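Chemist: Data: input26.cif, mmCIF, N, CA and C atoms and all ligand atoms.
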data_model
loop_
_atom_site.group_PDB
_atom_site.id
_atom_site.type_symbol
_atom_site.label_atom_id
_atom_site.label_comp_id
_atom_site.auth_asym_id
_atom_site.auth_seq_id
_atom_site.Cartn_x
_atom_site.Cartn_y
_atom_site.Cartn_z
ATOM 1 N N MET A 1 95.855 137.922 77.382
ATOM 2 C CA MET A 1 95.603 136.759 76.535
ATOM 3 C C MET A 1 95.438 135.486 77.371
ATOM 4 N N ALA A 2 96.059 135.485 78.524
ATOM 5 C CA ALA A 2 96.014 134.260 79.332
ATOM 6 C C ALA A 2 94.588 133.948 79.765
ATOM 7 N N TYR A 3 94.282 132.703 79.697
ATOM 8 C CA TYR A 3 92.964 132.264 80.132
ATOM 9 C C TYR A 3 93.097 131.386 81.358
ATOM 10 N N TYR A 4 92.422 131.764 82.394
ATOM 11 C CA TYR A 4 92.457 130.959 83.606
ATOM 12 C C TYR A 4 91.092 130.325 83.811
ATOM 13 N N SER A 5 91.072 129.032 83.960
ATOM 14 C CA SER A 5 89.807 128.372 84.210
ATOM 15 C C SER A 5 89.379 128.672 85.638
ATOM 16 N N LYS A 6 88.131 128.448 85.902
ATOM 17 C CA LYS A 6 87.623 128.705 87.249
ATOM 18 C C LYS A 6 87.923 127.557 88.195
ATOM 19 N N ARG A 7 88.545 126.524 87.661
ATOM 20 C CA ARG A 7 88.819 125.357 88.494
ATOM 21 C C ARG A 7 89.941 125.674 89.474
ATOM 22 N N SER A 8 89.608 125.877 90.703
ATOM 23 C CA SER A 8 90.607 126.235 91.700
ATOM 24 C C SER A 8 90.852 125.121 92.712
ATOM 25 N N VAL A 9 89.981 124.140 92.697
ATOM 26 C CA VAL A 9 90.160 123.034 93.638
ATOM 27 C C VAL A 9 91.367 122.216 93.224
ATOM 28 N N LYS A 10 92.254 122.034 94.160
ATOM 29 C CA LYS A 10 93.458 121.273 93.847
ATOM 30 C C LYS A 10 93.107 119.802 93.651
ATOM 31 N N GLU A 11 93.529 119.279 92.532
ATOM 32 C CA GLU A 11 93.237 117.878 92.253
ATOM 33 C C GLU A 11 94.371 116.996 92.755
ATOM 34 N N HIS A 12 93.992 115.807 93.111
ATOM 35 C CA HIS A 12 95.008 114.873 93.575
ATOM 36 C C HIS A 12 95.839 114.399 92.389
ATOM 37 N N VAL A 13 97.079 114.158 92.653
ATOM 38 C CA VAL A 13 97.982 113.676 91.607
ATOM 39 C C VAL A 13 98.365 112.235 91.900
ATOM 40 N N TYR A 14 98.194 111.413 90.890
ATOM 41 C CA TYR A 14 98.557 110.003 91.033
ATOM 42 C C TYR A 14 99.734 109.702 90.119
ATOM 43 N N GLN A 15 100.577 108.818 90.564
ATOM 44 C CA GLN A 15 101.775 108.531 89.792
ATOM 45 C C GLN A 15 102.190 107.074 89.968
ATOM 46 N N ASP A 16 102.652 106.479 88.889
ATOM 47 C CA ASP A 16 103.173 105.121 88.997
ATOM 48 C C ASP A 16 104.470 105.170 89.785
ATOM 49 N N THR A 17 104.507 104.430 90.855
ATOM 50 C CA THR A 17 105.650 104.479 91.765
ATOM 51 C C THR A 17 106.067 103.066 92.152
ATOM 52 N N MET A 18 107.353 102.852 92.264
ATOM 53 C CA MET A 18 107.820 101.541 92.711
ATOM 54 C C MET A 18 107.575 101.409 94.212
ATOM 55 N N VAL A 19 106.957 100.313 94.585
ATOM 56 C CA VAL A 19 106.670 100.077 95.995
ATOM 57 C C VAL A 19 107.068 98.645 96.362
ATOM 58 N N TRP A 20 107.175 98.422 97.648
ATOM 59 C CA TRP A 20 107.300 97.063 98.167
ATOM 60 C C TRP A 20 105.906 96.650 98.579
ATOM 61 N N GLN A 21 105.423 95.581 97.951
ATOM 62 C CA GLN A 21 104.086 95.089 98.257
ATOM 63 C C GLN A 21 104.201 93.770 99.002
ATOM 64 N N CYS A 22 103.516 93.672 100.114
ATOM 65 C CA CYS A 22 103.533 92.422 100.866
ATOM 66 C C CYS A 22 102.890 91.315 100.036
ATOM 67 N N SER A 23 103.505 90.129 100.072
ATOM 68 C CA SER A 23 102.976 89.018 99.282
ATOM 69 C C SER A 23 101.794 88.341 99.973
ATOM 70 N N ALA A 24 101.549 88.692 101.228
ATOM 71 C CA ALA A 24 100.507 88.000 101.966
ATOM 72 C C ALA A 24 99.337 88.895 102.389
ATOM 73 N N CYS A 25 99.581 90.193 102.537
ATOM 74 C CA CYS A 25 98.494 91.059 102.949
ATOM 75 C C CYS A 25 98.522 92.337 102.109
ATOM 76 N N HIS A 26 97.740 93.334 102.456
ATOM 77 C CA HIS A 26 97.623 94.529 101.638
ATOM 78 C C HIS A 26 98.652 95.604 101.971
ATOM 79 N N CYS A 27 99.506 95.298 102.915
ATOM 80 C CA CYS A 27 100.485 96.286 103.324
ATOM 81 C C CYS A 27 101.496 96.570 102.210
ATOM 82 N N TRP A 28 101.833 97.838 102.018
ATOM 83 C CA TRP A 28 102.867 98.188 101.046
ATOM 84 C C TRP A 28 103.537 99.460 101.494
ATOM 85 N N SER A 29 104.714 99.712 100.925
ATOM 86 C CA SER A 29 105.459 100.887 101.307
ATOM 87 C C SER A 29 106.223 101.405 100.095
ATOM 88 N N ARG A 30 106.291 102.712 99.958
ATOM 89 C CA ARG A 30 107.044 103.272 98.846
ATOM 90 C C ARG A 30 108.493 102.853 98.943
ATOM 91 N N LYS A 31 109.035 102.477 97.812
ATOM 92 C CA LYS A 31 110.387 101.923 97.820
ATOM 93 C C LYS A 31 111.413 102.933 98.333
ATOM 94 N N GLU A 32 111.192 104.182 98.029
ATOM 95 C CA GLU A 32 112.163 105.194 98.451
ATOM 96 C C GLU A 32 112.219 105.358 99.962
ATOM 97 N N PHE A 33 111.205 104.855 100.664
ATOM 98 C CA PHE A 33 111.197 104.964 102.120
ATOM 99 C C PHE A 33 111.751 103.717 102.784
ATOM 100 N N VAL A 34 112.110 102.727 101.974
ATOM 101 C CA VAL A 34 112.580 101.460 102.521
ATOM 102 C C VAL A 34 114.066 101.311 102.232
ATOM 103 N N THR A 35 114.814 101.064 103.274
ATOM 104 C CA THR A 35 116.259 100.952 103.089
ATOM 105 C C THR A 35 116.709 99.503 102.986
ATOM 106 N N ALA A 36 115.915 98.582 103.512
ATOM 107 C CA ALA A 36 116.309 97.176 103.468
ATOM 108 C C ALA A 36 116.303 96.661 102.034
ATOM 109 N N GLU A 37 117.249 95.768 101.737
ATOM 110 C CA GLU A 37 117.291 95.202 100.390
ATOM 111 C C GLU A 37 116.200 94.171 100.183
ATOM 112 N N GLU A 38 115.882 93.451 101.247
ATOM 113 C CA GLU A 38 114.801 92.478 101.171
ATOM 114 C C GLU A 38 113.901 92.680 102.383
ATOM 115 N N PRO A 39 113.062 93.685 102.338
ATOM 116 C CA PRO A 39 112.222 94.010 103.500
ATOM 117 C C PRO A 39 111.152 92.954 103.751
ATOM 118 N N VAL A 40 110.745 92.892 104.982
ATOM 119 C CA VAL A 40 109.621 92.022 105.330
ATOM 120 C C VAL A 40 108.479 92.907 105.809
ATOM 121 N N CYS A 41 107.285 92.403 105.632
ATOM 122 C CA CYS A 41 106.098 93.169 105.989
ATOM 123 C C CYS A 41 106.089 93.491 107.487
ATOM 124 N N PRO A 42 105.863 94.753 107.839
ATOM 125 C CA PRO A 42 105.819 95.128 109.267
ATOM 126 C C PRO A 42 104.580 94.580 109.975
ATOM 127 N N LEU A 43 103.592 94.174 109.210
ATOM 128 C CA LEU A 43 102.370 93.668 109.827
ATOM 129 C C LEU A 43 102.385 92.152 110.011
ATOM 130 N N CYS A 44 102.814 91.444 108.972
ATOM 131 C CA CYS A 44 102.710 89.981 109.048
ATOM 132 C C CYS A 44 104.049 89.283 108.832
ATOM 133 N N SER A 45 105.117 90.051 108.640
ATOM 134 C CA SER A 45 106.468 89.494 108.502
ATOM 135 C C SER A 45 106.653 88.608 107.273
ATOM 136 N N SER A 46 105.782 88.768 106.295
ATOM 137 C CA SER A 46 105.961 88.005 105.064
ATOM 138 C C SER A 46 106.921 88.735 104.141
ATOM 139 N N ALA A 47 107.423 88.050 103.135
ATOM 140 C CA ALA A 47 108.325 88.667 102.171
ATOM 141 C C ALA A 47 107.557 89.709 101.352
ATOM 142 N N MET A 48 108.277 90.750 100.951
ATOM 143 C CA MET A 48 107.637 91.785 100.141
ATOM 144 C C MET A 48 108.243 91.755 98.738
ATOM 145 N N VAL A 49 107.428 92.091 97.759
ATOM 146 C CA VAL A 49 107.892 92.056 96.375
ATOM 147 C C VAL A 49 107.801 93.454 95.770
ATOM 148 N N GLU A 50 108.748 93.755 94.879
ATOM 149 C CA GLU A 50 108.726 95.052 94.200
ATOM 150 C C GLU A 50 107.565 95.082 93.218
ATOM 151 N N GLU A 51 106.899 96.205 93.176
ATOM 152 C CA GLU A 51 105.739 96.302 92.312
ATOM 153 C C GLU A 51 105.512 97.755 91.918
ATOM 154 N N MET A 52 105.007 97.946 90.708
ATOM 155 C CA MET A 52 104.636 99.298 90.293
ATOM 156 C C MET A 52 103.204 99.547 90.727
ATOM 157 N N LYS A 53 103.007 100.671 91.400
ATOM 158 C CA LYS A 53 101.674 100.950 91.911
ATOM 159 C C LYS A 53 101.317 102.387 91.588
ATOM 160 N N ASN A 54 100.067 102.595 91.195
ATOM 161 C CA ASN A 54 99.618 103.956 90.911
ATOM 162 C C ASN A 54 99.077 104.544 92.198
ATOM 163 N N ILE A 55 99.885 105.394 92.816
ATOM 164 C CA ILE A 55 99.515 105.918 94.128
ATOM 165 C C ILE A 55 99.401 107.432 94.110
ATOM 166 N N ARG A 56 98.716 107.960 95.096
ATOM 167 C CA ARG A 56 98.549 109.404 95.211
ATOM 168 C C ARG A 56 99.832 110.004 95.749
ATOM 169 N N VAL A 57 100.353 110.986 95.046
ATOM 170 C CA VAL A 57 101.602 111.604 95.483
ATOM 171 C C VAL A 57 101.386 113.028 95.965
ATOM 172 N N GLU A 58 100.211 113.613 95.716
ATOM 173 C CA GLU A 58 99.934 114.966 96.192
ATOM 174 C C GLU A 58 98.510 115.051 96.678
HETATM 175 ZN ZN ZN B 101 101.903 91.663 105.209
#
Show me the file's structure as structure tokens.
Ligand SMILES: [Zn+2]
Modeler:
Amino acid sequence: MAYYSKRSVKEHVYQDTMVWQCSACHCWSRKEFVTAEEPVCPLCSSAMVEEMKNIRVE
């Protein structure tokens, strides 16, 4: 009874994830990878803000 589609190509999965987004440039990092409470951007040393971002997780 089971029906399997022919679609075998693995599709990318995107998910809303909390990230630290740099306030000055495009640099961002997943929050779960950041341990600092108030991280600064590794590229430009600006303050980073928490933000929800739809990113690829798979
Ligand atoms: Zn930056």
Chemist: So that each row is one residue of chain A with an atom at most 6.5 Å from ligand ZN 101 (chain B), can you give its shortest atom pair and the distance in Å to one decimal, using all atoms listed in the file, rows by chain and rising number, as a tab-separated table?
Modeler:
residue	atom	partner	partner_atom	distance
A:Cys22	CA	B:ZN101	ZN	4.7
A:Ser23	N	B:ZN101	ZN	5.6
A:Ala24	C	B:ZN101	ZN	4.7
A:Cys25	N	B:ZN101	ZN	3.8
A:His26	N	B:ZN101	ZN	5.3
A:Cys27	N	B:ZN101	ZN	4.9
A:Cys41	CA	B:ZN101	ZN	4.5
A:Pro42	N	B:ZN101	ZN	5.7
A:Leu43	C	B:ZN101	ZN	4.9
A:Cys44	N	B:ZN101	ZN	3.9
A:Ser45	N	B:ZN101	ZN	5.0
A:Ser46	N	B:ZN101	ZN	5.0
Chemist: Output as JSON the centre and edge lengths (Å, one decimal) of the box along x, y and z of the file that holds every listed atom of stretch 12-28 of chain A after adding 6 Å on each side.
Modeler:
{"center_x": 100.9, "center_y": 101.9, "center_z": 96.1, "size_x": 25.8, "size_y": 39.8, "size_z": 26.4}
Chemist: Evaluate the PyMOL selection byres (((chain A and resi 37 and name CA) around 12) and not hetatm and name CA) against this structure - the residues, as a ChimeraX atom specification, please.
Modeler: /A:20,31-36,38-40,47-50
Chemist: Next, write the just-selected residues to a file, as a short mmCIF file (atom, residue, chain, number, x, y, z; two decimals), in the frame of the given file, keeping N, CA and C atoms as the atom set.
Modeler:
data_model
loop_
_atom_site.label_atom_id
_atom_site.label_comp_id
_atom_site.auth_asym_id
_atom_site.auth_seq_id
_atom_site.Cartn_x
_atom_site.Cartn_y
_atom_site.Cartn_z
N TRP A 20 107.18 98.42 97.65
CA TRP A 20 107.30 97.06 98.17
C TRP A 20 105.91 96.65 98.58
N LYS A 31 109.04 102.48 97.81
CA LYS A 31 110.39 101.92 97.82
C LYS A 31 111.41 102.93 98.33
N GLU A 32 111.19 104.18 98.03
CA GLU A 32 112.16 105.19 98.45
C GLU A 32 112.22 105.36 99.96
N PHE A 33 111.20 104.86 100.66
CA PHE A 33 111.20 104.96 102.12
C PHE A 33 111.75 103.72 102.78
N VAL A 34 112.11 102.73 101.97
CA VAL A 34 112.58 101.46 102.52
C VAL A 34 114.07 101.31 102.23
N THR A 35 114.81 101.06 103.27
CA THR A 35 116.26 100.95 103.09
C THR A 35 116.71 99.50 102.99
N ALA A 36 115.92 98.58 103.51
CA ALA A 36 116.31 97.18 103.47
C ALA A 36 116.30 96.66 102.03
N GLU A 38 115.88 93.45 101.25
CA GLU A 38 114.80 92.48 101.17
C GLU A 38 113.90 92.68 102.38
N PRO A 39 113.06 93.68 102.34
CA PRO A 39 112.22 94.01 103.50
C PRO A 39 111.15 92.95 103.75
N VAL A 40 110.74 92.89 104.98
CA VAL A 40 109.62 92.02 105.33
C VAL A 40 108.48 92.91 105.81
N ALA A 47 107.42 88.05 103.14
CA ALA A 47 108.32 88.67 102.17
C ALA A 47 107.56 89.71 101.35
N MET A 48 108.28 90.75 100.95
CA MET A 48 107.64 91.78 100.14
C MET A 48 108.24 91.76 98.74
N VAL A 49 107.43 92.09 97.76
CA VAL A 49 107.89 92.06 96.38
C VAL A 49 107.80 93.45 95.77
N GLU A 50 108.75 93.76 94.88
CA GLU A 50 108.73 95.05 94.20
C GLU A 50 107.56 95.08 93.22
#
Chemist: Got a sec to check which residues sit within 6.5 Å of (104.7, 110.1, 95.9), counting all atoms listed in the file, and write them as an mmCIF file with N, CA and C atoms, in the coordinates of the input?
Modeler:
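Saved to result.cif:
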data_model
loop_
_atom_site.group_PDB
_atom_site.id
_atom_site.type_symbol
_atom_site.label_atom_id
_atom_site.label_comp_id
_atom_site.auth_asym_id
_atom_site.auth_seq_id
_atom_site.Cartn_x
_atom_site.Cartn_y
_atom_site.Cartn_z
ATOM 1 N N ILE A 55 99.885 105.394 92.816
ATOM 2 C CA ILE A 55 99.515 105.918 94.128
ATOM 3 C C ILE A 55 99.401 107.432 94.110
ATOM 4 N N ARG A 56 98.716 107.960 95.096
ATOM 5 C CA ARG A 56 98.549 109.404 95.211
ATOM 6 C C ARG A 56 99.832 110.004 95.749
ATOM 7 N N VAL A 57 100.353 110.986 95.046
ATOM 8 C CA VAL A 57 101.602 111.604 95.483
ATOM 9 C C VAL A 57 101.386 113.028 95.965
ATOM 10 N N GLU A 58 100.211 113.613 95.716
ATOM 11 C CA GLU A 58 99.934 114.966 96.192
ATOM 12 C C GLU A 58 98.510 115.051 96.678
#
Chemist: Considering only strand (DSSP E or B) as DSSP defines it on the backbone, what residues of chain A qualify? List them as number ranges by chain.
Modeler: A: 14-22, 28-30, 40, 47-56
Chemist: Calculate how many Å separate atom N of A:Glu51 from atom C of A:Lys10, rounding to one decimal.
Modeler: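 Between atom N of A:Glu51 and atom C of A:Lys10 the gap is 27.3 Å.
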Chemist: One number please: atom CA of A:Val19 to atom C of A:Lys53, in Å, one decimal.
Modeler: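 Result for atom CA of A:Val19 versus atom C of A:Lys53: 7.3 Å, one decimal.
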Chemist: What does the distance from atom N of A:Ser29 to atom C of A:Val13 come to in Å, to one decimal?
Modeler: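 Separation between atom N of A:Ser29 and atom C of A:Val13: 16.7 Å.
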